[in-house]
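Colleague: Here it is, the structure, as C-alpha cells.
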Amino acid sequence: MKKIERLFIYSGVGIAVALGLGWRGIGTSASATMSAVQADSVRIATADVLTLVEKLASSDRYLPAREEKVKSLRAPIDLLQKELDELRTKITAIPDFQNSAEAQPLIQQFQTKSQNMQTLQQTAQSEAESFNTNQLQEAYRIVLETVNQIANSKGYTHVLSTKLPENKLTSNNVTGLLQEMLARPVVKAPAADDITADVEKELKIENVKTPSATAAPAAAPAGATPPAGK
C-alpha cells in the first residue's frame with residue numbers, strides 16, 4: 001500500500017474514533033464552550049525558583065554541612081601541602097641541589113608527593129561537586145513542593161518559573177547577561193501573582209543572603225611546584 005493511501009486511511013480512522021467519542025467538529029458550540037471553561041479556570045502565578053533554590057542552599061539547612069564537607073576534603077590536602085613545603089625547604093637548603101646526589105632522593109620524593117597532590121585535588125573536587133549537586137537537587141525538589149503547596153492554597157493552576165523584569169541585570173559579561181535574560185521568560189506579569197515571597201516565608205529563608213561568587217571548595221593550593229634552582 002502506498003504511503004499516501006495509508007495516510008488517508010489512518011486519518012479516516014482518527015475521524016471515526018473522534019465521532020464515536022462525541023466530537024462535533026471544529027467551530028461547534030460544544031468546542032467553544034469547553035475552551036471557554038478551560039480559559040476561565042486558568043490562574044497563572046510566577047515564582048523566582050532559581051533564587052529560591054540559591055537561598056535555600058545557602059541557609060542553615062545546607063550551608064553547615066557543605067562547609068564541614070569542604071573542611072574534611074581540605075584536611076588531607078593541607079597536610080600534604082605542608083609536607084611539600086618542608087621538602088622544598090630541605091632541598092633548597094642544599095648547595096647546588098640540582099646537581100647534588102644528596103638532594104636527588106628528596107627531589108624524587110617531592111615529585112611523587114606533587115603527583116599525589118594532583119590526584120588528591122581531583123578526587124576532592126569530584127566529591128565536592130557531587131555533594132553540592134545532591135544538595136541542590138534536594139533543595140530544588142523542596143522548593144517545587146513548596147511552590148505547588150502555596151499555588152494550590154491560593155487557587156493557581158499554573159506557576160511559571162521566572163525572575164520578574166524589574167529585577168535588574170547585574171552581569172558584566174555577555175555570557176552572564178544572556179543567562180540572566182533567559183532566566184526571565186515572563187516579560188509582563190502582575191506583581192500580586194508572584195508567590196516568591198510566600199515561598200520564602202514558608203521555607204523561612206526571607207533573610208538568607210546568597211554569595212555573589214562561590215569559590216571552588218577544593219581548589220589546587222599554590223606551592224605544589226618543584227623547587228626552583230638558585
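Residue names in the C-alpha cells use chain letters A, B, ... in the order shown, residue numbers from 1 in each chain, and ligand numbers from 1 in the order shown.
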Write out as a list of chain:residue names each polymer residue whose atoms come within 10 Å of Asn207 (chain A), counting only C-alpha atoms; drop sequence neighbours fewer than 6 positions from it.

Modeller: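 Everything that qualifies: A:Lys55, A:Ser59, A:Glu200, A:Lys201.
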
Colleague: Could you write out that same residue set with C-alpha atoms as a compact mmCIF listing (two decimals), in the first residue's frame?

Modeller:
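Once everything was written out, this is out_9.txt:
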# COMPACT_ATOMS: atom_id res chain seq x y z
CA LYS A 55 18.67 30.97 49.14
CA SER A 59 20.57 28.61 54.51
CA GLU A 200 10.45 32.33 51.15
CA LYS A 201 8.28 32.83 54.21

Colleague: Skipping near chain neighbours, those fewer than 2 positions away, what residues fall within 9 Å of region 165-168 of chain A using only C-alpha atoms, listed as a ChimeraX atom specification?

Modeller: /A:162-163,170,184,186-189

Colleague: Which residues are near region 126-135 of chain A? Cut-off 7 Å, only C-alpha atoms, ignore same chain within fewer than 3 positions. Put them as a count of residues only.

Modeller: 6

Colleague: Taking the backbone alone, and naming residues the way the document does, which bits of region 5-191 of chain A are alpha helix (DSSP H) by DSSP, as a PyMOL selection string?

Modeller: chain A and resi 5-20+29-41+49-57+63-92+104-154+174-182

Colleague: Pick the closest to Tyr62 (chain A) from A:Gln179, A:Thr196, A:Asn148, A:Gln137: which is it, counting only C-alpha atoms?

Modeller: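 Comparing A:Gln179, A:Thr196, A:Asn148, A:Gln137 against Tyr62 (chain A), the winner is A:Gln137.
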
Colleague: For Thr46 (chain A), please output as JSON, numbers by chain all residues within 6 Å (counting only C-alpha atoms; exclusion window: fewer than 5 positions along the same chain).

Modeller: {"A": [159, 160, 161, 194]}

Colleague: Please list as a PyMOL selection string every residue within 12 Å of Ile107 (chain A), counting only C-alpha atoms and excluding residues in the same chain fewer than 2 positions away.

Modeller: chain A and resi 84+86-92+94+97-105+109-114+225-229
